Structure formats: C-alpha cells, structure tokens
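In what follows, a single structure is set out as structure tokens and then discussed.
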Amino acid sequence: MKKSAELYLSAREAAAELAISPATLYAYVSRGLIRSEPSPDSRSHRYRAEDIRGLKERRVPSPEPRGLRNFDADLPVMDSAIATITEQGPIYRGVNCVDLAQRDTLEHTATLLWDVTGVDPFAPDNCPHVSDEMRAIAEAARRAQPIDRTVAVFALAASADPGAFTRAPDGRAMVGGRILRLLVATMLNAVPSAEPLHEQVARVWTPDNKHAPDLIRRALVLLADHELNASTFTVRCAASTGLNLYDAVIAGLVALKGPMHGGAGVLASRLVRTMIDNDVAPVVRERVALGERFAGFGHGVYKKGDPRAISLLEALTRAGAPRKFTREVPDRIAEATGEFVNIDYALAVLVHALRMPAGSELALFAMARSVGWIAHASEQLQLGKLIRPRARYVGPAPGRAGSTNSI
C-alpha cells in the first residue's frame, strides 16, 4: 500500500509540487503531460508522481514573465531552443532582438535563428529555383495582395527545387535561404536577387527616402520571431506531418492574415490615417467614450509597452517621422486606456512615414516572420514527432440517441 501511494500524488500535492493552480494541473492532464486516474475511493483523482517530477525537471528554471500568466493555461506548451518572450523583448537564441536590430540584417538574424554555422544560406549563388509555371502564376497574380500571390507561387515551389525535401540540417538552411529570397521577390513583384533584403524592399516600395533601408532593416529583425504565436504554431503543426519547408511557410502565410494576428497592422494603419487630418485628443476621447479599442495597443506580455515598438518608434523619430505619430498618439492612448503601444502600431507608422503601398504592413510582417517559421519548421522536422493535441470534450454525454425525423 505504501509503495502504491508513492507512485501517486493527490491533486493538492501535485499542484504544490509544480507550484501551479489546480486549473493548470487539469490543463496538463488534458494535454497528456500528466497521467491521472480515479483514486481507490473513487471520490477523487490521483496523479502519477513520475509525470509530475519529470515535468518539473523539464520546466525552464527562470521565472515566467508576469504577462504570460494572462495566456490560457489550456494552450499547448512546447520545448524550443529558438526564441522566448521576456518583458525586455523577444530573445533569439540568447540574443535580445532589440539589441540585434541596432546593427544586423534579416539575413544575419536568419542564420542565428536557424543555428547555421557550416554553410551560408545567403551566398550569392544560392538563388531560388523558379519554374515557368511559377513565373506564369506570379504574372497572373500581379495585382493580387502580396500574401495571396506568394501562396499561389509557393504551391509549386517545392516541386521546382531539387533540394526541397532534404533532411540534412545544413541542406534545410540552404533551402531556407532560397525560400526567403523567393518570398521577398514574389511579394515585391520582382526577380529574386542576392541583394540585401531590406535594400530590395526599400528600392521597390520607397526609393526616394534615404532613411528607408535602415528603418526597414530594423523592422524586419524585430519581427523575425515571437515564439509560439498563432502562425508559428500552425507552421509547427504542418511541419510535424513531415512536409517540406515551402509548404510549411504556406501554412504560416495563411494563418498570419487574420485580423487578430498579422492583419492587426492593417487595422492600426486605419487608425493612423484617421489621425492625419485630426487632432489626437478629440479622436481618442470620442473612441474611448464609445468603448472602441485601438488597434496596435495592448499586449498579453508587454504591460508597459512592446520593446520592439518602442525601439522602432524611437528610430522613426530620429529619422524625422512626425512626432504626432511616434510620441503623441501612443502617449494619449496610453493615458486614456492604460494600454501601451505594440509592434503593429509601430509598423503602421513606418508604412505611413515611408509612404509605402497600402497593405505593405502585412507583407513586411510576412517577410520577417518567415525566418522564424523556417526555424520552427526545421526544429520540428528534426524532432520528427507529430503534433496531436487532445480536445476536452464538452458535448452531449456518450450514448445519447440521435434524433430522427420522418416526413
């Protein structure tokens, strides 16, 4: 009896061992991380002690950022060596992305996130493979939104790339370099090039602004990864089935479009346009009185402002962008709502200040985040396990008779 008792913990003991709430304990059980079974008295459940202690050993020893506690405890939790979120900003393999953005390019950020040392994914001769069919689709979709055009072209890209299905880590990094160059070129309606990516974007979308290349470079680095956001988790689920990196990026592109994810930048741009010919204070006051939310403000982690947004807005101020947008609007909204600026608003101000095409907020986001998607897809492929979450059933009790209607 004593030996049996040592194998199990009560709910209270298990929660105390992990320093979590009972609700979080039940969430771990529902995700299959902890085994549970009815106690011999059938009035409660008991939990496998080895699962509790194994989970405790795997958990990151540093304290969880306070903001993360706002996320739903039922959401999946996965181990990853790529990036994490802190109140000081995302950390890319141990490097704060805000510091990285001061000097580095998206290409260099990619080699960091992809953990590449033996090859150069951005060597001049590592250019994308573009078939005649891909060119025809790109031309036919020339007037489509950049993401839609890219999804269409990428549907055929893997079959055009002889190395698309490589299992070698260095080979996957080389595929990643080709993917990134193809994605940027497709979104710009341009020919793939070995030129630095931020310079390609600046030349096509805002050729007359001398500050554009550096500002775009900063934004791309800041947006390259943000841990398990919705699009990245979608990419990992897709990659876990064993598909290639091109198709995994398609999954990310589709997930990114939603207004609660990458599409929030487009909504933030509407807010910026509203402010162009209006005084800030009356607009903010009216919206607050009506109970309206402000796109580009508030975040589950960054309670005092998104460090990525603050960094980009400061750079925009130094480059001469209107202080009305870089300072006054964020200050007024924070004062009125208690919600601070996030990267979606900063990206909208960047697009406005550089006079970039409408909708380029989402395209820039996709260009940058594709680096993170490739990193996570590669990590998942290396792991070789299918992601299969469980659902907590809340429907009718089993055994319910189906209704039949006779005519």
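For the structure tokens, the naming scheme is as follows: chains receive sequential letters (A, B, ...) according to their order of presentation, residues are indexed from 1 within each chain, and ligands are indexed from 1 in presentation order.
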Which of segment 53-290 of chain A counts as helix (DSSP H, G or I) under DSSP, as a CSV table (one decimal) with C-alpha atoms, in the first residue's frame please?
```csv
chain,number,residue,atom,x,y,z
A,53,ARG,CA,8.5,15.2,-11.2
A,54,GLY,CA,9.5,14.7,-14.9
A,55,LEU,CA,7.5,17.8,-15.9
A,56,LYS,CA,9.1,19.8,-13.0
A,57,GLU,CA,12.6,18.9,-14.3
A,58,ARG,CA,11.8,19.9,-17.8
A,66,ARG,CA,4.2,38.0,-15.3
A,67,GLY,CA,2.4,38.8,-18.6
A,68,LEU,CA,2.5,35.2,-19.7
A,69,ARG,CA,0.1,34.3,-16.9
A,70,ASN,CA,-2.6,36.1,-18.9
A,97,CYS,CA,16.2,41.1,-30.7
A,98,VAL,CA,16.0,44.8,-29.8
A,99,ASP,CA,19.8,44.8,-29.5
A,100,LEU,CA,20.2,42.8,-32.7
A,106,LEU,CA,17.4,39.9,-41.5
A,107,GLU,CA,19.8,37.5,-43.2
A,108,HIS,CA,22.1,37.5,-40.2
A,109,THR,CA,19.1,37.1,-37.9
A,110,ALA,CA,18.1,34.1,-40.0
A,111,THR,CA,21.5,32.4,-39.6
A,112,LEU,CA,21.2,32.9,-35.8
A,113,LEU,CA,17.6,31.6,-35.6
A,132,ASP,CA,8.0,28.6,-66.0
A,133,GLU,CA,4.7,27.7,-64.2
A,134,MET,CA,5.7,29.8,-61.2
A,135,ARG,CA,6.5,32.8,-63.4
A,136,ALA,CA,3.2,32.5,-65.1
A,137,ILE,CA,1.3,32.3,-61.8
A,138,ALA,CA,3.2,35.3,-60.4
A,139,GLU,CA,2.4,37.3,-63.5
A,140,ALA,CA,-1.3,36.3,-63.5
A,146,PRO,CA,1.3,40.1,-51.8
A,147,ILE,CA,0.5,37.2,-49.5
A,148,ASP,CA,-2.1,35.7,-51.8
A,149,ARG,CA,0.3,35.9,-54.7
A,150,THR,CA,3.0,34.3,-52.7
A,151,VAL,CA,0.8,31.4,-51.5
A,152,ALA,CA,-0.1,30.7,-55.2
A,153,VAL,CA,3.5,30.7,-56.3
A,154,PHE,CA,4.7,28.7,-53.3
A,157,ALA,CA,7.9,25.9,-55.5
A,158,ALA,CA,8.8,22.7,-53.7
A,159,SER,CA,8.4,20.7,-56.9
A,160,ALA,CA,10.8,23.2,-58.7
A,169,PRO,CA,20.2,20.5,-41.3
A,170,ASP,CA,22.6,22.4,-43.5
A,171,GLY,CA,20.6,21.5,-46.5
A,172,ARG,CA,17.4,22.8,-44.9
A,173,ALA,CA,19.2,26.0,-44.1
A,174,MET,CA,20.1,26.4,-47.7
A,175,VAL,CA,16.5,25.8,-48.7
A,176,GLY,CA,15.5,28.4,-46.1
A,177,GLY,CA,17.7,31.0,-47.9
A,178,ARG,CA,16.1,30.2,-51.2
A,179,ILE,CA,12.6,30.4,-49.7
A,180,LEU,CA,13.3,33.8,-48.1
A,181,ARG,CA,14.7,35.3,-51.3
A,182,LEU,CA,11.8,33.9,-53.3
A,183,LEU,CA,9.2,35.1,-50.8
A,184,VAL,CA,10.5,38.7,-50.8
A,185,ALA,CA,10.8,38.8,-54.6
A,186,THR,CA,7.3,37.5,-55.1
A,187,MET,CA,5.8,40.0,-52.7
A,188,LEU,CA,7.6,42.8,-54.4
A,197,LEU,CA,16.6,42.0,-48.5
A,198,HIS,CA,15.9,45.4,-46.8
A,199,GLU,CA,17.5,47.2,-49.7
A,200,GLN,CA,15.3,45.3,-52.1
A,201,VAL,CA,12.2,46.4,-50.2
A,202,ALA,CA,13.3,50.0,-49.9
A,203,ARG,CA,14.2,50.2,-53.6
A,204,VAL,CA,10.8,48.9,-54.8
A,205,TRP,CA,8.4,50.4,-52.3
A,212,ALA,CA,14.1,53.7,-45.6
A,213,PRO,CA,16.7,50.9,-45.9
A,214,ASP,CA,17.8,51.2,-42.2
A,215,LEU,CA,14.3,51.6,-40.9
A,216,ILE,CA,13.0,48.6,-42.9
A,217,ARG,CA,16.1,46.6,-41.8
A,218,ARG,CA,15.3,47.3,-38.1
A,219,ALA,CA,11.6,46.3,-38.5
A,220,LEU,CA,12.4,43.1,-40.2
A,221,VAL,CA,14.8,42.0,-37.5
A,222,LEU,CA,12.4,42.9,-34.7
A,230,ALA,CA,-0.6,31.5,-33.9
A,231,SER,CA,1.1,31.4,-37.3
A,232,THR,CA,4.3,29.8,-35.9
A,233,PHE,CA,2.3,27.1,-34.1
A,234,THR,CA,0.4,26.5,-37.3
A,235,VAL,CA,3.7,26.0,-39.1
A,236,ARG,CA,5.0,23.6,-36.5
A,237,CYS,CA,1.8,21.5,-36.7
A,238,ALA,CA,2.1,21.4,-40.5
A,239,ALA,CA,5.8,20.6,-40.4
A,245,LEU,CA,9.6,23.9,-45.8
A,246,TYR,CA,7.9,25.6,-48.7
A,247,ASP,CA,4.5,24.1,-47.7
A,248,ALA,CA,5.2,24.9,-44.0
A,249,VAL,CA,5.6,28.6,-45.0
A,250,ILE,CA,2.3,28.5,-46.9
A,251,ALA,CA,0.6,27.4,-43.6
A,252,GLY,CA,2.2,30.4,-41.8
A,253,LEU,CA,1.2,32.9,-44.5
A,254,VAL,CA,-2.4,31.8,-44.3
A,255,ALA,CA,-2.5,32.0,-40.5
A,256,LEU,CA,-0.8,35.4,-40.5
A,264,ALA,CA,-3.7,43.9,-36.9
A,265,GLY,CA,-1.1,46.0,-38.6
A,266,VAL,CA,-3.6,46.9,-41.4
A,267,LEU,CA,-6.1,47.9,-38.7
A,268,ALA,CA,-3.5,50.0,-37.0
A,269,SER,CA,-2.8,51.8,-40.3
A,270,ARG,CA,-6.5,52.8,-40.4
A,271,LEU,CA,-6.0,54.4,-37.0
A,272,VAL,CA,-3.0,56.3,-38.3
A,273,ARG,CA,-4.9,57.5,-41.3
A,274,THR,CA,-7.7,58.7,-39.1
A,275,MET,CA,-5.3,60.9,-37.2
A,276,ILE,CA,-3.6,62.5,-40.2
A,280,VAL,CA,-5.3,63.4,-31.5
A,281,ALA,CA,-7.0,64.3,-28.2
A,282,PRO,CA,-10.6,64.6,-29.5
A,283,VAL,CA,-10.4,61.4,-31.6
A,284,VAL,CA,-9.0,59.4,-28.6
A,285,ARG,CA,-11.7,60.8,-26.3
A,286,GLU,CA,-14.5,60.0,-28.7
A,287,ARG,CA,-13.3,56.4,-29.2
A,288,VAL,CA,-12.8,55.8,-25.5
A,289,ALA,CA,-16.3,57.2,-24.8
```
**Item:** For atom CA of Ser240 of chain A and atom CA of Ala377 of chain A, the interatomic separation in Å (one decimal)
**Value:** 7.8 Å
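The space between atom CA of Met78 of chain A and atom CA of Pro389 of chain A spans 11.3 Å.
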**Request:** Would you mind reading off the distance between atom CA of Ala358 of chain A and atom CA of Gly300 of chain A, one decimal, in Å?
**Result:** 27.4 Å
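Among the candidates A:Ala123, A:Leu223, A:Leu386, A:Leu25, the residue lying nearest to Gly372 of chain A is A:Leu223 (atoms considered: only C-alpha atoms).
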Apply DSSP to the structure's backbone, then extract all residues of segment 31-163 of chain A labelled strand (DSSP E or B) and return them as a compact mmCIF listing (two decimals) with N, CA, C and O atoms, in the first residue's frame.
```txt
# COMPACT_ATOMS: atom_id res chain seq x y z
N SER A 36 -3.52 10.64 -15.08
CA SER A 36 -4.43 10.72 -13.95
C SER A 36 -5.38 9.53 -13.99
O SER A 36 -5.71 9.01 -15.06
N GLU A 37 -5.82 9.09 -12.80
CA GLU A 37 -6.80 8.01 -12.73
C GLU A 37 -7.61 8.15 -11.44
O GLU A 37 -7.16 8.83 -10.50
N PRO A 38 -8.77 7.57 -11.39
CA PRO A 38 -9.57 7.67 -10.15
C PRO A 38 -8.85 7.04 -8.97
O PRO A 38 -8.17 6.02 -9.11
N HIS A 45 -9.32 12.07 -7.92
CA HIS A 45 -8.33 11.54 -8.84
C HIS A 45 -6.94 11.61 -8.22
O HIS A 45 -6.68 12.45 -7.35
N ARG A 46 -6.08 10.73 -8.66
CA ARG A 46 -4.68 10.78 -8.25
C ARG A 46 -3.81 10.90 -9.50
O ARG A 46 -4.24 10.55 -10.61
N TYR A 47 -2.57 11.36 -9.32
CA TYR A 47 -1.72 11.76 -10.44
C TYR A 47 -0.37 11.08 -10.32
O TYR A 47 0.20 11.00 -9.23
N ARG A 48 0.14 10.59 -11.45
CA ARG A 48 1.38 9.84 -11.43
C ARG A 48 2.54 10.73 -10.97
O ARG A 48 2.85 11.76 -11.58
N ALA A 83 13.58 30.66 -29.58
CA ALA A 83 13.31 32.00 -29.05
C ALA A 83 12.38 31.91 -27.85
O ALA A 83 11.69 30.91 -27.64
N THR A 84 12.37 32.97 -27.06
CA THR A 84 11.43 33.09 -25.96
C THR A 84 11.04 34.56 -25.82
O THR A 84 11.66 35.44 -26.41
N ILE A 85 9.99 34.81 -25.05
CA ILE A 85 9.50 36.17 -24.86
C ILE A 85 9.82 36.61 -23.44
O ILE A 85 9.54 35.88 -22.48
N THR A 86 10.37 37.80 -23.29
CA THR A 86 10.60 38.40 -21.99
C THR A 86 10.02 39.81 -22.01
O THR A 86 9.71 40.36 -23.07
N GLY A 89 11.71 42.11 -24.30
CA GLY A 89 11.62 41.83 -25.72
C GLY A 89 11.94 40.38 -26.02
O GLY A 89 12.46 39.65 -25.16
N PRO A 90 11.66 39.93 -27.24
CA PRO A 90 11.97 38.55 -27.61
C PRO A 90 13.48 38.28 -27.59
O PRO A 90 14.28 39.16 -27.90
N ILE A 91 13.83 37.06 -27.22
CA ILE A 91 15.23 36.63 -27.18
C ILE A 91 15.42 35.59 -28.27
O ILE A 91 14.76 34.55 -28.28
N TYR A 92 16.33 35.88 -29.21
CA TYR A 92 16.64 34.95 -30.30
C TYR A 92 17.89 34.15 -29.93
O TYR A 92 19.00 34.67 -29.98
N VAL A 95 19.98 36.07 -27.64
CA VAL A 95 20.27 37.45 -28.01
C VAL A 95 18.98 38.25 -28.04
O VAL A 95 18.02 37.85 -28.71
N ASN A 96 18.93 39.38 -27.35
CA ASN A 96 17.74 40.23 -27.37
C ASN A 96 17.57 40.84 -28.76
O ASN A 96 18.49 41.45 -29.30
```
**Message:** I want to know what sits within 8 Å of Leu33 of chain A, based on only C-alpha atoms, with residues of the same chain fewer than 3 positions away left out; could you give that as a VMD selection string?
**Reply:** chain A and resid 28 to 30 51 55
Could you write those residues out with N, CA and C atoms, as a PDB file, in the first residue's frame?
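part_26.pdb was written with the following content:
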```pdb
ATOM      1  N   TYR A  28      -2.679  20.401 -17.774  1.00  0.00           N
ATOM      2  CA  TYR A  28      -1.573  19.498 -18.099  1.00  0.00           C
ATOM      3  C   TYR A  28      -2.095  18.079 -18.324  1.00  0.00           C
ATOM      4  N   VAL A  29      -3.069  17.675 -17.535  1.00  0.00           N
ATOM      5  CA  VAL A  29      -3.652  16.349 -17.703  1.00  0.00           C
ATOM      6  C   VAL A  29      -4.349  16.248 -19.062  1.00  0.00           C
ATOM      7  N   SER A  30      -5.108  17.286 -19.407  1.00  0.00           N
ATOM      8  CA  SER A  30      -5.859  17.253 -20.667  1.00  0.00           C
ATOM      9  C   SER A  30      -4.943  17.216 -21.885  1.00  0.00           C
ATOM     10  N   ASP A  51       5.329  11.524 -13.520  1.00  0.00           N
ATOM     11  CA  ASP A  51       4.983  12.541 -14.507  1.00  0.00           C
ATOM     12  C   ASP A  51       5.144  13.942 -13.923  1.00  0.00           C
ATOM     13  N   LEU A  55       7.939  16.486 -15.344  1.00  0.00           N
ATOM     14  CA  LEU A  55       7.539  17.786 -15.875  1.00  0.00           C
ATOM     15  C   LEU A  55       8.249  18.908 -15.125  1.00  0.00           C
TER      16      LEU A  55
END
```
